[in-house]
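Pasting data_13.cif here (mmCIF, C-alpha atoms):
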```
data_coords
#
loop_
_atom_site.label_atom_id
_atom_site.label_comp_id
_atom_site.auth_asym_id
_atom_site.auth_seq_id
_atom_site.Cartn_x
_atom_site.Cartn_y
_atom_site.Cartn_z
CA MET A 1 -8.67 -52.94 -38.09
CA HIS A 2 -8.32 -56.61 -38.78
CA GLU A 3 -10.97 -57.81 -41.22
CA LEU A 4 -12.67 -61.13 -40.64
CA PRO A 5 -14.34 -63.69 -42.88
CA VAL A 6 -18.07 -64.31 -42.38
CA GLU A 7 -20.50 -66.80 -43.83
CA ILE A 8 -24.17 -65.92 -43.50
CA SER A 9 -27.14 -67.65 -45.08
CA VAL A 10 -29.41 -64.93 -46.46
CA ASN A 11 -32.88 -65.91 -47.67
CA GLY A 12 -31.67 -69.48 -48.05
CA ARG A 13 -28.59 -68.60 -50.10
CA GLY A 14 -25.09 -68.85 -48.71
CA THR A 15 -23.14 -65.58 -48.71
CA GLU A 16 -19.58 -64.94 -47.63
CA ALA A 17 -17.34 -61.94 -47.39
CA VAL A 18 -14.38 -60.51 -45.52
CA VAL A 19 -15.59 -57.59 -43.44
CA GLU A 20 -14.54 -54.98 -40.96
CA PRO A 21 -15.91 -55.96 -37.53
CA ARG A 22 -17.76 -52.64 -37.27
CA LEU A 23 -19.87 -53.39 -40.37
CA THR A 24 -23.44 -53.84 -39.15
CA LEU A 25 -25.55 -56.72 -40.37
CA ALA A 26 -27.83 -54.12 -41.99
CA ASP A 27 -24.95 -52.67 -44.02
CA TYR A 28 -23.76 -56.17 -44.87
CA LEU A 29 -27.19 -56.99 -46.30
CA ARG A 30 -27.48 -53.72 -48.20
CA GLU A 31 -23.94 -53.22 -49.44
CA ARG A 32 -22.42 -56.67 -49.65
CA CYS A 33 -25.53 -58.65 -50.63
CA GLY A 34 -27.23 -55.88 -52.63
CA LEU A 35 -30.44 -56.42 -50.66
CA THR A 36 -31.55 -52.85 -50.17
CA GLY A 37 -35.03 -53.79 -48.95
CA THR A 38 -33.70 -53.66 -45.39
CA HIS A 39 -33.92 -49.96 -44.59
CA LEU A 40 -31.92 -47.88 -42.16
CA GLY A 41 -33.72 -45.08 -40.37
CA CYS A 42 -32.10 -44.25 -37.06
CA GLU A 43 -29.19 -46.72 -36.93
CA HIS A 44 -29.50 -47.03 -33.18
CA GLY A 45 -32.34 -49.43 -32.64
CA ALA A 46 -35.27 -47.06 -32.18
CA CYS A 47 -37.13 -47.00 -35.51
CA GLY A 48 -37.38 -50.68 -36.49
CA ALA A 49 -36.94 -50.11 -40.25
CA CYS A 50 -34.00 -52.53 -40.34
CA THR A 51 -35.84 -55.44 -38.69
CA VAL A 52 -34.89 -58.85 -40.13
CA LEU A 53 -35.24 -62.42 -38.92
CA LEU A 54 -32.16 -64.06 -37.43
CA ASP A 55 -32.61 -67.80 -37.12
CA GLY A 56 -36.35 -67.12 -37.31
CA HIS A 57 -36.54 -64.39 -34.66
CA ALA A 58 -37.02 -60.68 -35.30
CA ILE A 59 -33.98 -58.51 -34.53
CA ARG A 60 -32.63 -55.07 -35.35
CA SER A 61 -30.00 -55.55 -38.02
CA CYS A 62 -28.45 -52.17 -37.12
CA LEU A 63 -27.76 -53.40 -33.57
CA MET A 64 -25.73 -56.38 -34.64
CA PHE A 65 -22.42 -56.59 -36.41
CA ALA A 66 -22.15 -58.89 -39.42
CA VAL A 67 -19.35 -60.82 -37.67
CA GLN A 68 -21.84 -61.70 -34.90
CA ALA A 69 -24.17 -63.29 -37.47
CA ASP A 70 -21.43 -65.61 -38.77
CA GLY A 71 -23.00 -69.03 -39.30
CA CYS A 72 -26.57 -67.76 -38.82
CA GLU A 73 -29.60 -67.72 -41.10
CA VAL A 74 -31.03 -64.34 -41.98
CA THR A 75 -34.35 -63.63 -43.66
CA THR A 76 -34.91 -60.19 -45.15
CA VAL A 77 -38.00 -58.66 -46.74
CA GLU A 78 -36.73 -59.96 -50.11
CA GLY A 79 -37.16 -63.49 -48.76
CA ILE A 80 -40.78 -63.12 -47.68
CA ALA A 81 -42.72 -63.43 -50.94
CA SER A 82 -42.74 -66.87 -52.58
CA PRO A 83 -40.10 -67.50 -55.29
CA ASP A 84 -42.69 -66.90 -58.04
CA GLY A 85 -43.37 -63.45 -56.62
CA GLU A 86 -46.67 -64.15 -54.91
CA LEU A 87 -46.94 -61.85 -51.90
CA SER A 88 -47.06 -63.38 -48.43
CA PRO A 89 -50.30 -62.99 -46.46
CA VAL A 90 -48.68 -60.17 -44.48
CA GLN A 91 -47.59 -58.32 -47.61
CA SER A 92 -50.99 -58.79 -49.29
CA ALA A 93 -52.80 -57.57 -46.20
CA LEU A 94 -50.67 -54.43 -45.99
CA ARG A 95 -51.52 -53.67 -49.61
CA GLU A 96 -55.23 -54.40 -49.22
CA CYS A 97 -55.57 -52.35 -46.04
CA HIS A 98 -53.49 -49.40 -47.31
CA GLY A 99 -51.00 -50.13 -44.56
CA LEU A 100 -48.28 -48.15 -46.26
CA GLN A 101 -47.81 -44.78 -47.85
CA CYS A 102 -44.19 -43.84 -48.59
CA GLY A 103 -43.09 -47.39 -47.84
CA PHE A 104 -39.88 -46.57 -46.01
CA CYS A 105 -40.91 -48.32 -42.80
CA THR A 106 -42.74 -51.16 -44.57
CA PRO A 107 -39.95 -53.76 -44.78
CA GLY A 108 -39.45 -53.48 -41.02
CA PHE A 109 -43.19 -53.83 -40.43
CA VAL A 110 -43.38 -56.84 -42.76
CA MET A 111 -40.62 -58.58 -40.79
CA SER A 112 -42.01 -57.68 -37.36
CA ILE A 113 -45.56 -58.73 -38.30
CA THR A 114 -44.27 -61.97 -39.84
CA ALA A 115 -42.40 -62.78 -36.61
CA LEU A 116 -45.35 -61.71 -34.46
CA LEU A 117 -47.79 -63.98 -36.31
CA ASN A 118 -45.32 -66.88 -36.29
CA GLU A 119 -45.24 -66.73 -32.51
CA ASN A 120 -48.85 -65.73 -31.96
CA PRO A 121 -51.14 -66.59 -34.92
CA HIS A 122 -54.22 -65.08 -33.22
CA PRO A 123 -53.12 -61.84 -31.61
CA SER A 124 -55.58 -59.53 -29.88
CA ASP A 125 -55.70 -55.85 -30.77
CA ASP A 126 -53.56 -55.04 -27.73
CA GLU A 127 -51.04 -57.72 -28.60
CA ILE A 128 -50.79 -56.33 -32.13
CA ARG A 129 -50.21 -52.81 -30.86
CA GLU A 130 -47.59 -54.08 -28.42
CA GLY A 131 -45.98 -56.11 -31.20
CA LEU A 132 -45.81 -53.11 -33.53
CA SER A 133 -44.61 -50.65 -30.91
CA GLY A 134 -41.01 -51.16 -31.96
CA ASN A 135 -41.61 -49.96 -35.52
CA PHE A 136 -42.11 -46.32 -36.44
CA CYS A 137 -44.27 -45.15 -39.34
CA ARG A 138 -44.21 -41.41 -39.99
CA CYS A 139 -46.93 -41.13 -42.62
CA THR A 140 -49.94 -43.42 -42.64
CA GLY A 141 -50.63 -43.61 -38.98
CA TYR A 142 -50.90 -47.02 -37.48
CA GLN A 143 -54.57 -47.97 -37.74
CA SER A 144 -54.29 -49.33 -41.29
CA ILE A 145 -51.25 -51.34 -40.28
CA VAL A 146 -53.09 -52.80 -37.28
CA ASN A 147 -55.99 -53.65 -39.62
CA ALA A 148 -53.53 -55.39 -41.94
CA VAL A 149 -52.25 -57.59 -39.11
CA HIS A 150 -55.84 -58.65 -38.33
CA ARG A 151 -56.40 -59.31 -42.04
CA ALA A 152 -53.17 -61.33 -42.38
CA ALA A 153 -54.08 -63.42 -39.33
CA GLU A 154 -57.55 -64.06 -40.76
CA SER A 155 -56.23 -65.06 -44.19
CA ALA A 156 -53.72 -67.43 -42.58
CA ARG A 157 -56.63 -69.01 -40.68
CA ALA A 158 -58.72 -69.28 -43.85
CA ASP A 159 -55.75 -70.85 -45.66
CA ALA A 160 -55.28 -73.37 -42.88
CA LYS A 161 -58.98 -74.33 -43.10
CA SER A 162 -59.00 -74.75 -46.87
CA HIS A 163 -56.00 -77.10 -46.84
CA MET B 1 -23.87 -43.04 -37.57
CA LYS B 2 -21.42 -45.89 -37.72
CA ALA B 3 -19.24 -47.21 -34.92
CA ALA B 4 -15.53 -46.40 -35.02
CA ALA B 5 -13.25 -49.29 -35.89
CA PHE B 6 -12.52 -51.96 -33.29
CA ALA B 7 -11.03 -55.43 -33.13
CA TYR B 8 -13.48 -58.28 -32.60
CA HIS B 9 -12.83 -61.35 -30.48
CA ARG B 10 -15.18 -64.27 -30.00
CA PRO B 11 -13.91 -66.53 -27.21
CA GLU B 12 -15.51 -69.92 -26.75
CA SER B 13 -15.07 -70.18 -23.00
CA VAL B 14 -15.16 -67.88 -19.99
CA LYS B 15 -11.51 -68.73 -19.36
CA GLU B 16 -10.57 -67.54 -22.82
CA ALA B 17 -12.69 -64.40 -22.35
CA VAL B 18 -11.08 -63.39 -19.04
CA ASN B 19 -7.63 -63.98 -20.52
CA LEU B 20 -8.53 -61.49 -23.24
CA LEU B 21 -9.69 -59.01 -20.58
CA ASP B 22 -6.35 -59.46 -18.78
CA GLU B 23 -4.55 -58.82 -22.05
CA PHE B 24 -6.45 -55.70 -23.10
CA GLY B 25 -7.52 -54.18 -19.78
CA ASP B 26 -9.44 -50.91 -20.17
CA ASP B 27 -9.17 -51.14 -23.96
CA ALA B 28 -11.72 -53.96 -24.05
CA LYS B 29 -15.45 -54.23 -23.52
CA ILE B 30 -17.65 -57.28 -23.26
CA LEU B 31 -20.25 -57.52 -26.03
CA ALA B 32 -23.27 -59.61 -25.00
CA GLY B 33 -26.60 -58.94 -26.77
CA GLY B 34 -25.37 -55.51 -27.80
CA GLN B 35 -28.74 -53.78 -27.49
CA SER B 36 -27.29 -50.97 -25.37
CA LEU B 37 -23.61 -51.13 -26.30
CA VAL B 38 -24.05 -51.11 -30.09
CA PRO B 39 -26.20 -47.94 -30.18
CA MET B 40 -23.70 -46.24 -27.85
CA LEU B 41 -20.90 -47.25 -30.24
CA ALA B 42 -22.95 -46.13 -33.26
CA MET B 43 -23.59 -42.72 -31.72
CA ARG B 44 -19.93 -42.62 -30.67
CA LEU B 45 -20.84 -42.04 -27.06
CA THR B 46 -18.21 -44.62 -26.25
CA HIS B 47 -15.42 -46.53 -27.95
CA PHE B 48 -13.27 -49.55 -27.20
CA GLU B 49 -10.32 -50.88 -29.15
CA ASN B 50 -11.48 -54.43 -28.54
CA LEU B 51 -14.92 -56.00 -28.27
CA ILE B 52 -15.11 -59.43 -26.71
CA ASP B 53 -18.27 -61.19 -27.91
CA ILE B 54 -19.41 -63.64 -25.23
CA SER B 55 -22.65 -64.61 -26.98
CA ARG B 56 -21.40 -68.01 -28.13
CA ILE B 57 -20.07 -69.18 -24.76
CA GLY B 58 -22.29 -72.13 -23.86
CA GLU B 59 -21.47 -72.08 -20.14
CA LEU B 60 -23.10 -68.62 -19.82
CA ASN B 61 -26.50 -70.12 -20.58
CA GLY B 62 -28.62 -72.26 -18.34
CA ILE B 63 -31.09 -72.07 -15.49
CA ASP B 64 -30.53 -74.00 -12.26
CA LEU B 65 -32.80 -74.12 -9.26
CA CYS B 66 -31.19 -75.09 -5.96
CA ASP B 67 -31.07 -74.11 -2.26
CA GLY B 68 -33.94 -71.67 -2.51
CA LYS B 69 -32.31 -69.76 -5.33
CA ILE B 70 -32.46 -69.77 -9.08
CA ARG B 71 -29.25 -69.25 -10.99
CA LEU B 72 -29.64 -67.66 -14.40
CA GLY B 73 -26.76 -67.69 -16.83
CA ALA B 74 -25.80 -64.16 -17.83
CA ALA B 75 -26.38 -64.83 -21.54
CA THR B 76 -30.04 -65.80 -21.06
CA PRO B 77 -31.99 -63.60 -23.52
CA HIS B 78 -34.83 -61.41 -22.24
CA ALA B 79 -37.24 -63.23 -24.56
CA TYR B 80 -36.34 -66.51 -22.86
CA VAL B 81 -36.63 -65.05 -19.36
CA GLY B 82 -40.08 -63.75 -20.23
CA MET B 83 -41.38 -67.08 -21.50
CA ASP B 84 -39.80 -69.64 -19.16
CA ASP B 85 -42.27 -71.36 -16.82
CA GLU B 86 -39.65 -72.22 -14.20
CA ILE B 87 -38.68 -68.55 -13.91
CA ALA B 88 -42.36 -67.53 -13.78
CA ASP B 89 -42.90 -69.93 -10.86
CA SER B 90 -39.77 -69.05 -8.92
CA VAL B 91 -39.08 -65.35 -9.59
CA PRO B 92 -42.31 -63.85 -10.95
CA LEU B 93 -40.85 -60.32 -10.82
CA LEU B 94 -38.53 -61.20 -13.71
CA THR B 95 -41.44 -62.44 -15.81
CA LEU B 96 -43.52 -59.37 -14.96
CA ALA B 97 -40.63 -57.00 -15.74
CA THR B 98 -39.74 -58.48 -19.13
CA PRO B 99 -42.51 -56.94 -21.30
CA TYR B 100 -41.36 -53.47 -20.23
CA ILE B 101 -37.87 -53.99 -21.69
CA GLY B 102 -37.63 -52.29 -25.08
CA HIS B 103 -39.55 -54.11 -27.79
CA PHE B 104 -39.75 -57.79 -28.67
CA GLN B 105 -37.11 -57.37 -31.37
CA ILE B 106 -34.76 -56.02 -28.68
CA ARG B 107 -35.65 -58.79 -26.23
CA THR B 108 -34.61 -61.41 -28.81
CA ARG B 109 -30.99 -60.29 -28.53
CA GLY B 110 -30.69 -58.51 -25.17
CA THR B 111 -29.47 -60.61 -22.25
CA LEU B 112 -30.20 -60.62 -18.53
CA GLY B 113 -26.51 -60.33 -17.65
CA GLY B 114 -25.94 -57.62 -20.21
CA ALA B 115 -28.80 -55.51 -18.85
CA ILE B 116 -27.52 -55.85 -15.28
CA ALA B 117 -23.86 -55.23 -16.14
CA HIS B 118 -24.84 -52.19 -18.23
CA ALA B 119 -26.49 -50.83 -15.07
CA ASP B 120 -28.86 -48.31 -16.55
CA PRO B 121 -30.83 -46.64 -13.73
CA ALA B 122 -34.05 -47.45 -15.60
CA ALA B 123 -33.18 -51.12 -16.18
CA GLU B 124 -36.00 -53.41 -15.08
CA TYR B 125 -33.96 -56.53 -14.24
CA ALA B 126 -31.52 -54.41 -12.26
CA ALA B 127 -34.38 -53.07 -10.13
CA VAL B 128 -35.64 -56.62 -9.60
CA ALA B 129 -32.12 -57.72 -8.57
CA VAL B 130 -31.96 -54.90 -6.01
CA ALA B 131 -35.47 -55.59 -4.69
CA LEU B 132 -34.77 -59.29 -4.16
CA ASP B 133 -31.14 -59.13 -2.93
CA ALA B 134 -29.83 -61.05 -5.93
CA GLU B 135 -26.18 -61.99 -6.09
CA MET B 136 -23.90 -61.65 -9.10
CA ASP B 137 -21.16 -64.11 -10.04
CA ALA B 138 -18.10 -62.16 -11.17
CA VAL B 139 -15.38 -64.23 -12.79
CA SER B 140 -11.82 -63.17 -13.56
CA SER B 141 -8.61 -65.10 -14.15
CA ARG B 142 -8.15 -64.96 -10.38
CA GLY B 143 -11.37 -66.85 -9.68
CA THR B 144 -15.04 -66.21 -8.89
CA ARG B 145 -16.55 -63.83 -6.33
CA GLN B 146 -20.15 -63.06 -5.50
CA ILE B 147 -21.32 -59.48 -5.35
CA PRO B 148 -24.62 -58.66 -3.61
CA ALA B 149 -26.97 -56.45 -5.63
CA ALA B 150 -26.82 -53.83 -2.87
CA GLU B 151 -23.11 -53.35 -3.62
CA PHE B 152 -23.19 -53.98 -7.35
CA PHE B 153 -24.61 -50.75 -8.78
CA THR B 154 -22.14 -47.97 -7.97
CA GLY B 155 -23.15 -45.14 -10.32
CA LEU B 156 -24.62 -44.24 -13.67
CA TRP B 157 -23.67 -47.20 -15.92
CA GLU B 158 -21.08 -48.15 -13.31
CA THR B 159 -20.82 -51.38 -11.36
CA ALA B 160 -18.54 -53.04 -8.84
CA LEU B 161 -17.21 -55.26 -11.63
CA ASP B 162 -13.49 -54.87 -12.15
CA PRO B 163 -12.44 -54.25 -15.80
CA THR B 164 -10.97 -57.77 -15.80
CA GLU B 165 -14.18 -59.44 -14.56
CA ILE B 166 -17.17 -60.88 -16.41
CA LEU B 167 -20.65 -61.21 -14.96
CA THR B 168 -21.39 -64.89 -15.60
CA ALA B 169 -24.61 -65.55 -13.67
CA VAL B 170 -27.16 -63.96 -11.36
CA HIS B 171 -28.71 -65.76 -8.37
CA PHE B 172 -32.24 -64.72 -7.43
CA PRO B 173 -33.82 -65.87 -4.16
CA VAL B 174 -37.04 -67.84 -4.60
CA TRP B 175 -39.83 -66.68 -2.28
CA GLY B 176 -42.38 -69.10 -0.94
CA GLY B 177 -45.50 -68.81 1.16
CA ARG B 178 -48.21 -66.26 0.51
CA SER B 179 -46.32 -63.95 -1.82
CA GLY B 180 -47.41 -61.43 -4.38
CA PHE B 181 -45.42 -59.51 -6.96
CA ALA B 182 -45.96 -56.56 -9.25
CA VAL B 183 -44.01 -54.35 -11.63
CA GLU B 184 -45.35 -50.95 -12.63
CA GLU B 185 -43.60 -48.42 -14.78
CA PHE B 186 -44.51 -45.37 -16.78
CA ALA B 187 -42.97 -44.30 -20.08
CA ARG B 188 -44.33 -41.77 -22.58
CA ARG B 189 -44.29 -44.46 -25.28
CA HIS B 190 -44.25 -48.20 -24.81
CA GLY B 191 -40.68 -49.49 -24.85
CA ASP B 192 -39.04 -46.18 -23.97
CA PHE B 193 -36.84 -45.85 -20.93
CA ALA B 194 -39.11 -45.55 -17.92
CA ILE B 195 -39.67 -42.14 -16.40
CA ALA B 196 -40.19 -44.03 -13.14
CA GLY B 197 -41.11 -47.52 -12.09
CA ALA B 198 -41.26 -49.95 -9.21
CA ALA B 199 -40.85 -53.69 -8.70
CA VAL B 200 -42.48 -54.92 -5.51
CA GLY B 201 -42.64 -58.28 -3.76
CA VAL B 202 -44.52 -58.90 -0.49
CA GLU B 203 -45.00 -61.99 1.63
CA LEU B 204 -47.82 -62.24 4.18
CA ASP B 205 -48.25 -64.50 7.19
CA ASP B 206 -51.56 -66.21 8.00
CA ASP B 207 -52.77 -63.04 9.75
CA ASP B 208 -52.12 -60.98 6.60
CA ARG B 209 -49.10 -59.26 8.14
CA VAL B 210 -46.21 -58.37 5.87
CA THR B 211 -43.33 -60.62 6.88
CA ARG B 212 -41.05 -59.89 3.97
CA CYS B 213 -40.97 -57.28 1.26
CA GLY B 214 -38.69 -56.01 -1.45
CA VAL B 215 -39.07 -52.72 -3.30
CA GLY B 216 -36.93 -51.86 -6.31
CA LEU B 217 -37.11 -48.41 -7.90
CA LEU B 218 -36.10 -47.55 -11.44
CA GLY B 219 -35.52 -44.25 -13.19
CA LEU B 220 -35.39 -42.45 -9.85
CA GLY B 221 -31.66 -42.09 -9.25
CA SER B 222 -28.28 -42.57 -10.90
CA THR B 223 -28.62 -46.31 -10.24
CA PRO B 224 -31.51 -48.69 -9.73
CA LEU B 225 -32.46 -48.18 -6.09
CA ARG B 226 -33.85 -50.10 -3.19
CA GLY B 227 -36.94 -48.52 -1.69
CA SER B 228 -35.85 -49.18 1.90
CA ALA B 229 -38.12 -46.53 3.38
CA ALA B 230 -41.13 -48.07 1.67
CA GLU B 231 -40.09 -51.50 2.91
CA GLU B 232 -39.89 -50.22 6.49
CA ALA B 233 -43.36 -48.77 6.11
CA LEU B 234 -44.69 -52.14 4.98
CA LEU B 235 -42.89 -54.63 7.22
CA GLY B 236 -44.96 -55.96 10.09
CA ARG B 237 -48.07 -54.06 9.03
CA SER B 238 -51.38 -55.76 8.46
CA ALA B 239 -52.34 -55.72 4.78
CA SER B 240 -55.69 -54.07 5.53
CA ASP B 241 -53.94 -51.17 7.35
CA ILE B 242 -51.60 -50.33 4.53
CA ASP B 243 -52.23 -47.07 2.68
CA ALA B 244 -50.45 -47.70 -0.62
CA ASP B 245 -50.44 -44.00 -1.59
CA GLU B 246 -48.71 -43.17 1.67
CA VAL B 247 -46.10 -45.88 1.02
CA GLY B 248 -45.46 -44.34 -2.40
CA ASP B 249 -44.94 -40.90 -0.86
CA ILE B 250 -42.63 -42.32 1.81
CA ALA B 251 -40.57 -44.05 -0.88
CA MET B 252 -40.09 -40.79 -2.76
CA ARG B 253 -39.38 -38.60 0.28
CA ALA B 254 -36.38 -40.83 1.07
CA LEU B 255 -34.76 -40.11 -2.31
CA ASP B 256 -32.39 -37.18 -2.68
CA ASP B 257 -31.12 -37.56 -6.22
CA ILE B 258 -34.14 -37.91 -8.49
CA PRO B 259 -32.95 -37.09 -12.02
CA ALA B 260 -34.35 -34.31 -14.17
CA ASP B 261 -34.12 -34.37 -17.95
CA LEU B 262 -36.17 -33.69 -21.07
CA GLN B 263 -38.61 -36.40 -19.98
CA GLY B 264 -39.50 -34.56 -16.82
CA SER B 265 -38.39 -32.65 -13.75
CA SER B 266 -37.41 -34.29 -10.46
CA ALA B 267 -40.73 -33.27 -8.95
CA TYR B 268 -42.64 -34.85 -11.83
CA ARG B 269 -40.61 -38.05 -11.58
CA ALA B 270 -41.25 -38.20 -7.84
CA LYS B 271 -44.97 -37.89 -8.43
CA VAL B 272 -44.94 -40.61 -11.08
CA GLY B 273 -42.66 -42.75 -8.90
CA ALA B 274 -44.99 -42.49 -5.90
CA THR B 275 -47.91 -43.58 -8.08
CA MET B 276 -45.96 -46.52 -9.50
CA VAL B 277 -44.96 -47.68 -6.00
CA ALA B 278 -48.53 -47.34 -4.77
CA ARG B 279 -49.94 -49.33 -7.69
CA ALA B 280 -47.31 -52.06 -7.40
CA VAL B 281 -47.79 -52.34 -3.62
CA THR B 282 -51.56 -52.62 -4.08
CA SER B 283 -51.27 -55.32 -6.77
CA ALA B 284 -48.64 -57.31 -4.89
CA ILE B 285 -50.64 -57.29 -1.65
CA THR B 286 -53.84 -58.26 -3.45
CA GLU B 287 -52.07 -61.19 -5.08
CA ALA B 288 -50.48 -62.29 -1.79
CA ARG B 289 -53.83 -62.17 0.05
CA ASN B 290 -55.37 -64.40 -2.60
CA ALA B 291 -52.41 -66.82 -2.60
#
```

Before anything else, please render the file you have as structure tokens.
Amino acid sequence: MHELPVEISVNGRGTEAVVEPRLTLADYLRERCGLTGTHLGCEHGACGACTVLLDGHAIRSCLMFAVQADGCEVTTVEGIASPDGELSPVQSALRECHGLQCGFCTPGFVMSITALLNENPHPSDDEIREGLSGNFCRCTGYQSIVNAVHRAAESARADAKSH
Amino acid sequence: MKAAAFAYHRPESVKEAVNLLDEFGDDAKILAGGQSLVPMLAMRLTHFENLIDISRIGELNGIDLCDGKIRLGAATPHAYVGMDDEIADSVPLLTLATPYIGHFQIRTRGTLGGAIAHADPAAEYAAVAVALDAEMDAVSSRGTRQIPAAEFFTGLWETALDPTEILTAVHFPVWGGRSGFAVEEFARRHGDFAIAGAAVGVELDDDDRVTRCGVGLLGLGSTPLRGSAAEEALLGRSASDIDADEVGDIAMRALDDIPADLQGSSAYRAKVGATMVARAVTSAITEARNA
């Protein structure tokens, strides 16, 4: 089928390619940009491993074709830590709370939690569980991840106070 | 799995989009938010030679309130519907239904028009449209026609839309007076397709009698359904005389095509459905009495 040019800003860097329309945004990120932190579990929108931010909002990158993201800004898990490698509050909290085991689902959780806390910096336990319901973890269980969201929210509050 | 190859078109106006539909006919499908279509393509449950992406057509956005109705552009994302104060004031059922749709990452992309045109029997907005007698704007190169919700959903994932038509907007009536609204649904896990659910609106007069009601049922047939039997049982009754459990049972007894699948048998769905109707009726009446 007819290939099309796309230009997508990924983690602040302009990328461009000529792609088949059926190429998902997830595959574009992994195969064309070499950013394999975005994981693919189910490839039909159920597992949440491929969650990225599109113009600041969390989406499933397996449920969007790269051609649809033409002209958009995408943030992947590679764009979450600061440029010097310092982990974001969400990433630090997941490490401190043992919110990951095999790590396969973690990039999706990092992106969903980042989006959740952007929109709601002080989520209740229920709001956290609702916010995480679209991401599957098959090994640690979810309690440590929920704890990490509380921890990340607290550290963001402490940061805000100290500045 | 990956979708089979297709050609991609991104028109910038409805006119351009309907011209493409005229050109490609059955070989084309409208791509809106893609949250149902893309997984179906990925699993190869369906295939189209041409996808027509309407997500960048500005005229499909927008919310207008006039003549006792609110007109929502078909491309309005679920996330926006769920957060908008004007919608919450005028059609609370939409606001109440939104958190049940998938997960927030799905609601970022999914659109109101897409959900209604996809016509899943468990679709929340579709049930709200049926409950409230919404009207759909269908546009083709021949012009615009309005399709009442009661005639819109014709079968499993099938609508009255012609292959050359696009759903461009949905008009929802705005209720006034002493009204109350509730949405209840049950799924095994949050965000799954509902096993059964109900969207209920009631309006009471000053003597607490039900003067208007709308009951939408989801997951209980091959389309979203109107709970007409439940509505008959409610209309004209005094709120204090209403036995919500009985209304739930009446709603289910009137259904003859309750689906059975791995999620549950027809009998189980009917039991869950009756409970959802009863809970929604109770909440809606309580809210209306306090209004």

**Study point:** Counting only C-alpha atoms, chain B residues within 9 Å of chain A, as a PyMOL selection string
**Key:** chain B and resi 1-8+10+33-40+42-43+53+55+102-109+189-191

Cys213 in chain B: which residues within 8 Å, counting all atoms listed in the file, same-chain residues fewer than 6 positions away excluded, as a list in words?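 Answer for this query is Val200, Gly201, Val202, Glu203, Glu231, Leu234 and Leu235 of chain B.
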
So, counting all atoms listed in the file, which residue among A:Thr106, A:Ser92, A:Thr38, A:Gln101 is closest to Phe136 in chain A?
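Smallest separation from Phe136 in chain A among the options: A:Thr106.
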
Exercise. CA of His171 in chain B and CA of Asp84 in chain B are how many Å apart?
Worked result: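 According to the coordinates, CA of His171 in chain B and CA of Asp84 in chain B are separated by 16.0 Å.
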
Name every residue that the PyMOL selection byres ((chain B and resi 220) around 8) selects in this structure, writing the answer as a PDB file with C-alpha atoms, keeping the file's coordinate frame with chains first and numbers rising.
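The resulting file, selection_25.pdb, is reproduced below:
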```pdb
ATOM      1  CA  PRO B 121     -30.830 -46.640 -13.730  1.00  0.00           C
ATOM      2  CA  ALA B 122     -34.050 -47.450 -15.600  1.00  0.00           C
ATOM      3  CA  ILE B 195     -39.670 -42.140 -16.400  1.00  0.00           C
ATOM      4  CA  ALA B 196     -40.190 -44.030 -13.140  1.00  0.00           C
ATOM      5  CA  GLY B 197     -41.110 -47.520 -12.090  1.00  0.00           C
ATOM      6  CA  LEU B 217     -37.110 -48.410  -7.900  1.00  0.00           C
ATOM      7  CA  LEU B 218     -36.100 -47.550 -11.440  1.00  0.00           C
ATOM      8  CA  GLY B 219     -35.520 -44.250 -13.190  1.00  0.00           C
ATOM      9  CA  GLY B 221     -31.660 -42.090  -9.250  1.00  0.00           C
ATOM     10  CA  SER B 222     -28.280 -42.570 -10.900  1.00  0.00           C
ATOM     11  CA  THR B 223     -28.620 -46.310 -10.240  1.00  0.00           C
ATOM     12  CA  PRO B 224     -31.510 -48.690  -9.730  1.00  0.00           C
ATOM     13  CA  LEU B 225     -32.460 -48.180  -6.090  1.00  0.00           C
ATOM     14  CA  LEU B 255     -34.760 -40.110  -2.310  1.00  0.00           C
ATOM     15  CA  ASP B 257     -31.120 -37.560  -6.220  1.00  0.00           C
ATOM     16  CA  ILE B 258     -34.140 -37.910  -8.490  1.00  0.00           C
ATOM     17  CA  PRO B 259     -32.950 -37.090 -12.020  1.00  0.00           C
ATOM     18  CA  ARG B 269     -40.610 -38.050 -11.580  1.00  0.00           C
ATOM     19  CA  ALA B 270     -41.250 -38.200  -7.840  1.00  0.00           C
ATOM     20  CA  GLY B 273     -42.660 -42.750  -8.900  1.00  0.00           C
TER      21      GLY B 273
END
```

Requested in this report: Name the residues that the PyMOL selection byres ((chain B and resi 245) around 10) pulls out of this structure, and write them as a PyMOL selection string.
Outcome: chain B and resi 242-244+246-251+274-279+281-282

Q) So what does the PyMOL selection byres ((chain B and resi 21-27) around 9) actually pick up in this one, as a ChimeraX atom specification? A) /B:16-20,28-30,47-52,140-141,163-166

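Residue nearest Cys33 in chain A, chosen from A:Ala148, A:Val74, A:Ile113, A:Cys139 and counting all atoms listed in the file: A:Val74.
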
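Nearest residue to Pro107 in chain A, choosing from A:Ala49, A:Ala160, A:Ile8, A:Ala26 and counting all atoms listed in the file: A:Ala49.
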
Between CA of His118 in chain B and CA of His39 in chain A lies a distance of 28.0 Å

(Q) Which residues are near Ala288 in chain B? Cut-off 9 Å, all atoms listed in the file, ignore same chain within fewer than 2 positions. Put them as a PyMOL selection string. (A) chain B and resi 177-181+202-204+208+283-286+290-291

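Compared by their closest atoms to Glu16 in chain A, and using only C-alpha atoms, the residues A:Val149, A:Cys50, A:Cys72, A:Cys137 rank with A:Cys72 nearest.
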
Counting all atoms listed in the file, the residue among A:Ala153, A:Val10, A:Leu29, A:Val146 that lies closest to His98 in chain A is A:Val146
